[in-house]
>>> print(open('structure.pdb').read())   # PDB, C-alpha atoms, pLDDT in the B column
ATOM      1  CA  MET V  14      98.483  88.944  93.005  1.00 94.00           C
ATOM      2  CA  ILE V  15      96.455  86.137  91.416  1.00 96.00           C
ATOM      3  CA  GLY V  16      94.443  86.998  88.289  1.00 97.00           C
ATOM      4  CA  VAL V  17      91.288  85.345  86.951  1.00 98.00           C
ATOM      5  CA  GLU V  18      93.072  82.897  84.602  1.00 98.00           C
ATOM      6  CA  LYS V  19      95.423  81.678  87.336  1.00 98.00           C
ATOM      7  CA  ALA V  20      92.521  81.431  89.804  1.00 98.00           C
ATOM      8  CA  CYS V  21      90.647  79.234  87.296  1.00 98.00           C
ATOM      9  CA  GLU V  22      93.710  77.038  86.868  1.00 98.00           C
ATOM     10  CA  ILE V  23      94.039  76.650  90.640  1.00 98.00           C
ATOM     11  CA  ALA V  24      90.315  75.924  91.146  1.00 97.00           C
ATOM     12  CA  THR V  25      90.043  73.363  88.332  1.00 96.00           C
ATOM     13  CA  THR V  26      93.193  71.598  89.523  1.00 96.00           C
ATOM     14  CA  GLU V  27      91.936  71.561  93.119  1.00 95.00           C
ATOM     15  CA  ARG V  28      88.591  70.045  92.077  1.00 94.00           C
ATOM     16  CA  ASN V  29      89.986  67.896  89.261  1.00 94.00           C
ATOM     17  CA  GLU V  30      87.337  69.314  86.926  1.00 94.00           C
ATOM     18  CA  PRO V  31      88.421  71.101  83.728  1.00 96.00           C
ATOM     19  CA  PHE V  32      85.724  73.761  83.351  1.00 96.00           C
ATOM     20  CA  VAL V  33      84.227  76.690  85.266  1.00 96.00           C
ATOM     21  CA  ASP V  34      80.547  77.666  85.376  1.00 94.00           C
ATOM     22  CA  VAL V  35      80.690  80.807  87.509  1.00 96.00           C
ATOM     23  CA  ILE V  36      83.239  83.289  88.845  1.00 98.00           C
ATOM     24  CA  THR V  37      82.395  85.926  91.436  1.00 98.00           C
ATOM     25  CA  ASP V  38      84.928  88.494  92.598  1.00 98.00           C
ATOM     26  CA  ILE V  39      84.287  89.159  96.294  1.00 97.00           C
ATOM     27  CA  GLY V  40      87.245  91.489  96.757  1.00 97.00           C
ATOM     28  CA  SER V  41      89.641  89.239  98.656  1.00 97.00           C
ATOM     29  CA  GLY V  42      89.373  86.486  96.083  1.00 98.00           C
ATOM     30  CA  PHE V  43      87.475  84.714  93.337  1.00 98.00           C
ATOM     31  CA  VAL V  44      84.650  82.313  94.154  1.00 98.00           C
ATOM     32  CA  ILE V  45      84.698  79.690  91.415  1.00 97.00           C
ATOM     33  CA  GLY V  46      82.275  76.881  90.632  1.00 96.00           C
ATOM     34  CA  THR V  47      83.678  74.066  88.507  1.00 95.00           C
ATOM     35  CA  VAL V  48      82.192  71.743  85.897  1.00 94.00           C
ATOM     36  CA  ALA V  49      83.090  68.144  85.021  1.00 92.00           C
ATOM     37  CA  ARG V  50      84.404  67.111  81.606  1.00 91.00           C
ATOM     38  CA  ASN V  51      80.901  65.904  80.626  1.00 92.00           C
ATOM     39  CA  GLY V  52      79.322  69.243  81.567  1.00 90.00           C
ATOM     40  CA  GLU V  53      77.865  68.121  84.881  1.00 88.00           C
ATOM     41  CA  VAL V  54      77.896  70.703  87.643  1.00 85.00           C
ATOM     42  CA  ALA V  55      78.928  69.063  90.891  1.00 75.00           C
ATOM     43  CA  GLU V  56      76.646  69.456  93.857  1.00 82.00           C
ATOM     44  CA  MET V  57      79.304  70.885  96.111  1.00 87.00           C
ATOM     45  CA  PHE V  58      80.289  74.292  97.331  1.00 93.00           C
ATOM     46  CA  PRO V  59      82.495  76.397  95.046  1.00 95.00           C
ATOM     47  CA  VAL V  60      86.070  77.211  95.967  1.00 97.00           C
ATOM     48  CA  LEU V  61      87.525  80.539  97.027  1.00 98.00           C
ATOM     49  CA  VAL V  62      90.921  81.370  95.542  1.00 98.00           C
ATOM     50  CA  TYR V  63      92.539  84.232  97.432  1.00 98.00           C
ATOM     51  CA  LYS V  64      93.999  86.932  95.188  1.00 98.00           C
ATOM     52  CA  ASP V  65      96.983  87.677  97.415  1.00 98.00           C
ATOM     53  CA  SER V  66      98.239  84.122  97.934  1.00 97.00           C
ATOM     54  CA  GLY V  67      96.446  81.669  95.633  1.00 97.00           C
ATOM     55  CA  LYS V  68      95.345  79.759  98.731  1.00 98.00           C
ATOM     56  CA  VAL V  69      92.206  77.698  98.140  1.00 97.00           C
ATOM     57  CA  GLU V  70      89.375  76.861 100.500  1.00 96.00           C
ATOM     58  CA  THR V  71      85.823  75.633 100.213  1.00 95.00           C
ATOM     59  CA  PHE V  72      83.421  78.564 100.035  1.00 96.00           C
ATOM     60  CA  ARG V  73      80.296  77.714 102.007  1.00 94.00           C
ATOM     61  CA  VAL V  74      77.765  79.969 100.307  1.00 86.00           C
ATOM     62  CA  PRO V  75      75.106  80.035 103.066  1.00 87.00           C
ATOM     63  CA  GLU V  76      77.701  81.394 105.508  1.00 91.00           C
ATOM     64  CA  HIS V  77      78.797  84.091 103.049  1.00 91.00           C
ATOM     65  CA  ILE V  78      75.605  84.999 101.208  1.00 92.00           C
ATOM     66  CA  GLU V  79      76.166  88.765 101.560  1.00 94.00           C
ATOM     67  CA  GLU V  80      79.623  88.506 100.000  1.00 94.00           C
ATOM     68  CA  ILE V  81      78.127  86.685  97.015  1.00 94.00           C
ATOM     69  CA  LYS V  82      75.259  89.179  96.705  1.00 95.00           C
ATOM     70  CA  ASN V  83      77.716  92.085  96.762  1.00 97.00           C
ATOM     71  CA  GLY V  84      80.286  90.387  94.532  1.00 97.00           C
ATOM     72  CA  LYS V  85      80.937  91.100  90.885  1.00 98.00           C
ATOM     73  CA  GLN V  86      80.320  88.445  88.220  1.00 98.00           C
ATOM     74  CA  ILE V  87      83.419  87.864  86.122  1.00 98.00           C
ATOM     75  CA  LYS V  88      83.491  86.621  82.537  1.00 98.00           C
ATOM     76  CA  ILE V  89      84.841  83.071  82.340  1.00 98.00           C
ATOM     77  CA  PRO V  90      88.029  82.849  80.269  1.00 98.00           C
ATOM     78  CA  SER V  91      87.363  80.885  77.055  1.00 96.00           C
ATOM     79  CA  LYS V  92      89.847  78.157  78.011  1.00 96.00           C
ATOM     80  CA  TYR V  93      87.663  77.276  81.020  1.00 97.00           C
ATOM     81  CA  ARG V  94      84.200  77.511  79.401  1.00 96.00           C
ATOM     82  CA  PHE V  95      82.361  74.236  78.819  1.00 93.00           C
ATOM     83  CA  LYS V  96      81.929  73.496  75.135  1.00 86.00           C
ATOM     84  CA  ALA V  97      79.047  71.115  74.459  1.00 77.00           C
TER      85      ALA V  97
END
>>> encode(input="structure.pdb", output="structure tokens")
Amino acid sequence: MIGVEKACEIATTERNEPFVDVITDIGSGFVIGTVARNGEVAEMFPVLVYKDSGKVETFRVPEHIEEIKNGKQIKIPSKYRFKA
């Protein structure tokens, strides 16, 4: 089972961006938006990291709006928070 810290590590590695700006737990996984080193938020869909496998895929928000609405916001681990 993948936890929040590991999911952040996977997402930031996948996107090659060191920080996270949002984490939503949708049950099957964590939807994670990443942030560039300079604090810029990329204009791309977040990634979904599955809890059971660590598998990553692009999370197309418009197709999954109900999952996001019903998801639970998760506190970003300090290691992955952008520090201005």
>>> residues_around(input="structure.pdb", residues="stretch 56-70 of chain V", least_positions_apart="4", cutoff="6 Å", atoms="all atoms listed in the file", output="list in words")
Met14, Ile15, Ala20, Ser41, Gly42, Phe43, Val44, Ile45 and Gly46 of chain V
>>> atom_distance(input="structure.pdb", atom1="atom CA of V:Arg94", atom2="atom CA of V:Asp34")
7.0 Å
>>> closest_residue(input="structure.pdb", among="V:Ile39, V:Val17, V:Val54, V:Ala49", to="V:Glu80", atoms="only C-alpha atoms")
V:Ile39
>>> atom_distance(input="structure.pdb", atom1="atom CA of V:Phe32", atom2="atom CA of V:Arg73")
19.8 Å
>>> closest_residue(input="structure.pdb", among="V:Tyr93, V:Pro75, V:Lys85, V:Asn51", to="V:Ile23", atoms="only C-alpha atoms")
V:Tyr93
>>> residues_around(input="structure.pdb", residues="V:Gly52", least_positions_apart="6", cutoff="9 Å", atoms="all atoms listed in the file", output="list in words")
Phe32, Phe95, Lys96 and Ala97 of chain V
>>> closest_residue(input="structure.pdb", among="V:Pro31, V:Pro90, V:Gly16, V:Gly84", to="V:Glu53", atoms="all atoms listed in the file")
V:Pro31
>>> atom_distance(input="structure.pdb", atom1="atom CA of V:Val74", atom2="atom CA of V:Ile87")
17.2 Å
>>> closest_residue(input="structure.pdb", among="V:Lys82, V:Ser91, V:Ala55, V:His77", to="V:Arg28", atoms="only C-alpha atoms")
V:Ala55
>>> residues_around(input="structure.pdb", residues="V:Glu30", least_positions_apart="6", cutoff="8 Å", atoms="all atoms listed in the file", output="PyMOL selection string")
chain V and resi 47-50
